[in-house]
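*Asks:* Input file: upload-v8.txt. Contents: compact mmCIF, C-alpha atoms.
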# COMPACT_ATOMS: atom_id res chain seq x y z
CA MET A 1 -94.76 122.14 106.39
CA ASN A 2 -92.02 121.77 109.00
CA SER A 3 -92.42 124.70 111.43
CA LYS A 4 -89.01 124.36 113.02
CA ALA A 5 -87.33 124.21 109.60
CA ILE A 6 -89.06 127.33 108.23
CA THR A 7 -88.29 129.28 111.44
CA ARG A 8 -84.62 128.28 111.27
CA ALA A 9 -84.50 129.06 107.54
CA ALA A 10 -85.87 132.55 108.30
CA ALA A 11 -83.25 133.15 111.02
CA VAL A 12 -80.34 132.06 108.82
CA THR A 13 -81.64 134.02 105.79
CA ILE A 14 -81.91 137.20 107.86
CA THR A 15 -78.36 136.68 109.12
CA LEU A 16 -77.21 136.21 105.51
CA ILE A 17 -78.98 139.44 104.43
CA ALA A 18 -77.08 141.35 107.14
CA ALA A 19 -73.80 139.66 106.17
CA ALA A 20 -74.37 140.37 102.46
CA THR A 21 -75.25 144.00 103.24
CA ILE A 22 -72.06 144.61 105.18
CA GLY A 23 -69.98 142.40 102.88
CA SER A 24 -71.08 144.30 99.78
CA GLU A 25 -69.96 147.59 101.34
CA LEU A 26 -66.56 146.16 102.26
CA SER A 27 -65.89 144.32 98.99
CA ALA A 28 -66.42 145.98 95.62
CA THR A 29 -66.06 142.57 93.94
CA PHE A 30 -68.90 141.11 96.02
CA LYS A 31 -71.07 144.18 95.34
CA GLN A 32 -70.43 143.74 91.62
CA LEU A 33 -71.34 140.06 91.88
CA LEU A 34 -74.67 141.01 93.51
CA THR A 35 -75.24 143.61 90.80
CA THR A 36 -74.80 141.02 88.05
CA ILE A 37 -77.72 139.01 89.51
CA GLY A 38 -80.36 141.70 88.99
CA GLY A 39 -78.77 144.83 87.59
CA HIS A 40 -78.54 146.44 91.06
CA HIS A 41 -76.94 145.12 94.25
CA TRP A 42 -80.19 145.57 96.23
CA ILE A 43 -82.11 143.49 93.68
CA GLY A 44 -79.34 140.90 93.90
CA LYS A 45 -79.78 140.72 97.69
CA SER A 46 -83.58 140.56 97.28
CA VAL A 47 -83.39 137.65 94.82
CA LEU A 48 -80.80 135.81 96.91
CA SER A 49 -82.89 136.23 100.10
CA VAL A 50 -85.84 134.45 98.42
CA VAL A 51 -83.63 131.72 96.91
CA PHE A 52 -81.76 131.09 100.18
CA PHE A 53 -84.97 131.08 102.24
CA GLY A 54 -86.37 128.34 99.98
CA LEU A 55 -83.16 126.31 99.83
CA LEU A 56 -82.48 126.58 103.56
CA TYR A 57 -86.03 125.43 104.30
CA LEU A 58 -85.46 122.31 102.17
CA VAL A 59 -82.15 121.62 103.94
CA PHE A 60 -83.52 122.19 107.47
CA ALA A 61 -86.65 120.15 106.69
CA LYS A 62 -84.34 117.16 106.06
CA VAL A 63 -82.53 117.49 109.39
CA SER A 64 -85.10 119.06 111.80
CA ASP A 65 -87.90 117.33 113.61
CA ASP A 66 -91.25 119.15 113.62
CA ARG A 67 -91.49 119.73 117.38
CA PHE A 68 -91.95 123.48 117.19
CA ALA A 69 -91.18 125.43 120.36
CA LEU A 70 -91.41 129.05 121.43
CA LYS A 71 -87.62 128.95 121.84
CA ASP A 72 -87.25 128.73 118.03
CA THR A 73 -89.24 131.95 117.65
CA GLY A 74 -87.15 133.54 120.42
CA VAL A 75 -83.95 132.70 118.54
CA LEU A 76 -85.42 134.17 115.34
CA ILE A 77 -86.50 137.41 117.05
CA GLY A 78 -83.04 137.69 118.64
CA THR A 79 -81.50 137.20 115.20
CA VAL A 80 -83.69 139.98 113.75
CA PHE A 81 -82.56 142.42 116.47
CA VAL A 82 -78.85 141.52 116.22
CA SER A 83 -78.90 141.64 112.38
CA GLY A 84 -80.77 144.95 112.34
CA LEU A 85 -78.41 146.41 114.92
CA ALA A 86 -75.37 145.18 112.95
CA ILE A 87 -76.64 146.93 109.78
CA LEU A 88 -77.44 150.14 111.70
CA SER A 89 -74.09 150.17 113.52
CA PHE A 90 -72.18 149.54 110.30
CA TYR A 91 -73.76 152.47 108.44
CA VAL A 92 -73.49 154.82 111.43
CA LEU A 93 -69.79 154.01 111.77
CA HIS A 94 -69.09 154.21 108.02
CA ALA A 95 -71.26 157.24 107.12
CA MET B 96 -94.94 166.62 92.08
CA VAL B 97 -94.77 163.53 94.27
CA ASN B 98 -94.18 160.37 92.27
CA PRO B 99 -97.33 158.17 92.58
CA LEU B 100 -95.16 155.06 93.02
CA ILE B 101 -93.95 156.22 96.42
CA LEU B 102 -97.54 156.83 97.56
CA ILE B 103 -98.58 153.36 96.34
CA HIS B 104 -95.52 151.79 98.04
CA ALA B 105 -96.22 153.51 101.37
CA ALA B 106 -100.00 152.98 101.33
CA ILE B 107 -99.84 149.28 100.39
CA ALA B 108 -97.09 148.61 102.94
CA GLU B 109 -99.07 150.32 105.71
CA ILE B 110 -102.21 148.33 104.85
CA GLY B 111 -100.03 145.21 105.11
CA LEU B 112 -98.68 146.30 108.50
CA PHE B 113 -102.16 146.97 109.89
CA ALA B 114 -103.20 143.53 108.61
CA PHE B 115 -100.52 142.02 110.87
CA LEU B 116 -101.73 144.15 113.79
CA TRP B 117 -105.14 142.62 113.08
CA VAL B 118 -103.52 139.16 113.34
CA VAL B 119 -102.17 140.08 116.80
CA VAL B 120 -105.62 141.17 117.99
CA GLU B 121 -107.36 138.02 116.67
CA MET B 122 -104.75 135.73 118.23
CA LEU B 123 -104.98 137.19 121.74
CA ASN B 124 -108.12 135.13 122.42
CA PRO B 125 -108.53 132.78 119.45
CA SER B 126 -111.66 130.94 118.40
CA GLU B 127 -112.38 129.15 115.12
CA THR B 128 -113.89 132.34 113.65
CA ARG B 129 -111.04 134.55 114.86
CA ILE B 130 -108.42 132.16 113.47
CA ALA B 131 -110.18 132.22 110.08
CA ARG B 132 -110.15 136.06 110.15
CA ALA B 133 -106.49 136.08 111.21
CA GLN B 134 -105.63 133.85 108.24
CA VAL B 135 -107.33 136.28 105.84
CA ALA B 136 -105.54 139.19 107.53
CA ALA B 137 -102.14 137.46 107.34
CA LEU B 138 -102.61 136.55 103.70
CA THR B 139 -103.62 140.17 102.96
CA GLY B 140 -100.59 141.47 104.87
CA PHE B 141 -98.27 139.02 103.11
CA ALA B 142 -99.60 140.03 99.65
CA CYS B 143 -99.38 143.75 100.50
CA LEU B 144 -95.78 143.52 101.74
CA PHE B 145 -94.69 141.61 98.63
CA PHE B 146 -96.39 144.15 96.37
CA ALA B 147 -94.82 147.02 98.37
CA TRP B 148 -91.45 145.28 97.92
CA LEU B 149 -91.85 145.21 94.13
CA VAL B 150 -93.19 148.78 93.81
CA GLY B 151 -90.69 150.19 96.33
CA GLY B 152 -87.84 148.32 94.65
CA PHE B 153 -88.74 149.67 91.22
CA TYR B 154 -89.04 153.20 92.65
CA TYR B 155 -85.74 152.87 94.54
CA VAL B 156 -83.75 151.71 91.52
CA GLU B 157 -85.42 153.74 88.76
CA VAL B 158 -86.38 157.01 90.50
CA TYR B 159 -84.68 157.43 93.88
CA GLY B 160 -81.26 156.18 92.76
CA LEU B 161 -81.19 158.35 89.64
CA HIS B 162 -82.84 161.60 90.75
CA ILE B 163 -83.17 161.86 94.55
CA LYS B 164 -80.09 160.13 95.96
CA PRO B 165 -77.62 162.43 94.11
CA LEU B 166 -79.40 165.53 95.47
CA ILE B 167 -79.46 164.25 99.06
CA LYS B 168 -75.82 163.13 98.90
CA ALA B 169 -74.75 166.54 97.60
CA SER B 170 -76.50 168.34 100.49
CA ASP B 171 -75.64 168.80 104.17
CA ALA B 172 -78.16 166.04 104.90
CA LYS B 173 -76.19 163.32 103.13
CA TRP B 174 -76.49 161.16 106.28
CA VAL B 175 -80.13 160.75 105.31
CA HIS B 176 -79.02 158.51 102.47
CA SER B 177 -75.81 157.07 103.91
CA ILE B 178 -77.46 155.97 107.17
CA VAL B 179 -81.27 156.14 107.06
CA MET B 180 -81.89 154.95 103.50
CA GLU B 181 -79.19 152.29 103.65
CA VAL B 182 -80.65 150.86 106.88
CA LYS B 183 -84.24 151.14 105.58
CA GLU B 184 -83.63 149.38 102.26
CA HIS B 185 -81.79 146.48 103.88
CA VAL B 186 -83.83 145.94 107.06
CA PHE B 187 -86.97 146.00 104.88
CA LEU B 188 -85.76 142.70 103.37
CA PHE B 189 -86.48 140.99 106.72
CA LEU B 190 -90.21 141.77 106.48
CA PRO B 191 -91.29 139.53 103.56
CA ILE B 192 -89.50 136.60 105.22
CA LEU B 193 -91.18 137.22 108.57
CA ALA B 194 -94.56 137.70 106.82
CA THR B 195 -94.14 134.41 104.94
CA LEU B 196 -93.30 132.58 108.16
CA THR B 197 -96.19 134.10 110.15
CA THR B 198 -98.74 133.33 107.42
CA ALA B 199 -97.41 129.79 107.01
CA LEU B 200 -97.67 129.10 110.77
CA LEU B 201 -101.25 130.41 110.87
CA TYR B 202 -102.33 128.09 108.07
CA LYS B 203 -100.38 125.11 109.38
CA TYR B 204 -101.70 125.18 112.95
CA ASP B 205 -105.17 126.47 112.02
CA GLU B 206 -107.69 125.52 114.75
CA GLU B 207 -104.92 123.84 116.76
CA LEU B 208 -103.91 127.40 117.74
CA ILE B 209 -106.71 127.44 120.34
CA ASN B 210 -104.76 124.90 122.45
CA ASN B 211 -101.18 125.25 121.15
CA ARG B 212 -99.76 128.05 123.30
CA ASP B 213 -96.27 128.06 121.76
CA ALA B 214 -97.52 128.38 118.18
CA ARG B 215 -100.10 131.01 119.15
CA LEU B 216 -97.60 133.13 121.09
CA SER B 217 -95.07 132.79 118.27
CA ILE B 218 -97.61 134.19 115.81
CA VAL B 219 -98.46 137.07 118.17
CA LEU B 220 -94.77 137.93 118.65
CA LEU B 221 -93.91 137.68 114.94
CA ALA B 222 -96.94 139.66 113.76
CA GLY B 223 -96.23 142.29 116.44
CA LEU B 224 -92.60 142.46 115.34
CA ILE B 225 -93.64 142.94 111.70
CA PHE B 226 -95.95 145.80 112.74
CA LEU B 227 -93.33 147.56 114.89
CA MET B 228 -90.46 147.07 112.45
CA GLY B 229 -92.65 148.13 109.55
CA PHE B 230 -93.68 151.38 111.16
CA SER B 231 -90.08 152.10 112.18
CA ILE B 232 -89.22 151.69 108.50
CA ALA B 233 -92.14 153.97 107.56
CA GLY B 234 -90.70 156.55 109.96
CA MET B 235 -87.37 156.28 108.13
CA GLY B 236 -89.27 156.92 104.90
CA ALA B 237 -90.61 160.15 106.40
CA VAL B 238 -87.06 161.21 107.37
CA ILE B 239 -85.87 160.51 103.80
CA SER B 240 -88.71 162.64 102.37
CA SER B 241 -87.71 165.46 104.74
CA GLY B 242 -84.07 165.04 103.69
CA TYR B 243 -85.08 165.37 100.05
CA ARG B 244 -87.10 168.54 100.77
CA PHE B 245 -84.12 169.94 102.71
CA ALA B 246 -81.78 169.13 99.79
CA LEU B 247 -84.14 170.84 97.34
CA MET B 248 -84.52 173.96 99.49
CA THR B 249 -80.80 174.37 100.23
CA GLY B 250 -80.00 173.63 96.58
CA MET B 251 -82.24 176.52 95.50
CA ALA B 252 -80.86 178.93 98.11
So that I can check it, write out the structure of this file as structure tokens.
*Replies:*
Amino acid sequence: MNSKAITRAAAVTITLIAAATIGSELSATFKQLLTTIGGHHWIGKSVLSVVFFGLLYLVFAKVSDDRFALKDTGVLIGTVFVSGLAILSFYVLHA
Amino acid sequence: MVNPLILIHAAIAEIGLFAFLWVVVEMLNPSETRIARAQVAALTGFACLFFAWLVGGFYYVEVYGLHIKPLIKASDAKWVHSIVMEVKEHVFLFLPILATLTTALLYKYDEELINNRDARLSIVLLAGLIFLMGFSIAGMGAVISSGYRFALMTGMA
């Protein structure tokens, strides 16, 4: 397993979850597209998060070396906070 | 009556979160035995969070969305759904990914964790993040339950 690749795949997947969450509230077409995946937009996001995590790992494993550093984890944790804050801010502002 | 699915969802998720707290404790001063215990804990936490995802997802779509959400949205506490539930259901999706990563790192580095400071600290930070985020999400669950009770009481008044 390539540690750097899986950490980067996690960071990008979490960013995509936040983008899909906000995007589905702003675009009815996109929300409908997510709904067609699993019968409900949340299931669509759930399925896509697993699929993208796997695919992104395969892509990053091709281009990343395996020299894992604490900095990679730092970037991931930063991504979690920014993505979480983006989701929270969006719903507070649009409630 | 409380739907048993919500109790199963909450209980399994909290067992999973405590399993990741266990990982943090074992990794503070790792030895071969502690790393082996941390791997069991991480695998348990990973399995619990995935099961909680499935049970919670089924409950959310089949019960909450049909029976509880309309009541909350019709009450003065509609923010409970439009902010708290929306944030909870989406931020939760981060947890299985972080749990997969943490468990994978523990198994990859194995006994190397005794000397590999970066990998060890990464696991401590990620497992700690899972625990803190998870219990923040559990707190949101408690707010949603209170919102539902409020909606029921004001609906009957």
*Asks:* Got a sec: who's within 10 Å of region 125-139 of chain B, counting all atoms listed in the file, leaving out chain neighbours fewer than 6 positions off, as a count of residues only?
*Replies:* 27
*Asks:* I'd like the interatomic distance between CA of Ile167 (chain B) and CA of Leu247 (chain B), to a tenth of an Å.
*Replies:*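 It comes out at 8.3 Å.
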*Asks:* Please, which residues of chain B lie no more than 10 Å from chain A when the count uses only C-alpha atoms, and can they be set out as a PyMOL selection string?
*Replies:* chain B and resi 148-149+152-153+155-156+173-193+195-197+199-200+202-204+212-218+220-221+224+228
*Asks:* What is the distance, in Å and to one decimal place, between CA of Gly223 (chain B) and CA of Ala237 (chain B)?
*Replies:*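 Value for the CA of Gly223 (chain B)-CA of Ala237 (chain B) distance: 21.2 Å.
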*Asks:* For CA of Val47 (chain A) and CA of Val12 (chain A), quote the distance in Å rounded to one decimal.
*Replies:* 15.4 Å
*Asks:* To box region 144-151 of chain B, take all atoms listed in the file, fit an axis-aligned box, add 5 Å on each side, and give centre and edge lengths in Å to one decimal, as JSON.
*Replies:*
{"center_x": -93.5, "center_y": 145.9, "center_z": 97.8, "size_x": 15.7, "size_y": 18.6, "size_z": 17.9}
*Asks:* When you count only C-alpha atoms, which of these residues is closest to Ala106 (chain B): B:Ala172, B:Phe230, B:Asn124, B:Lys164?
*Replies:*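 Selected residue with least distance to Ala106 (chain B): B:Phe230.
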*Asks:* Between A:Thr79, A:Lys4, A:Lys31, A:Gly54, single out the one closest to Asp66 (chain A), counting all atoms listed in the file.
*Replies:* A:Lys4
*Asks:* Nearest to Ala233 (chain B): which of B:Met248, B:Leu144, B:Ala169, B:Glu109 is it, counting all atoms listed in the file?
*Replies:*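 When distances to Ala233 (chain B) are compared using all atoms listed in the file, the smallest one comes from B:Glu109.
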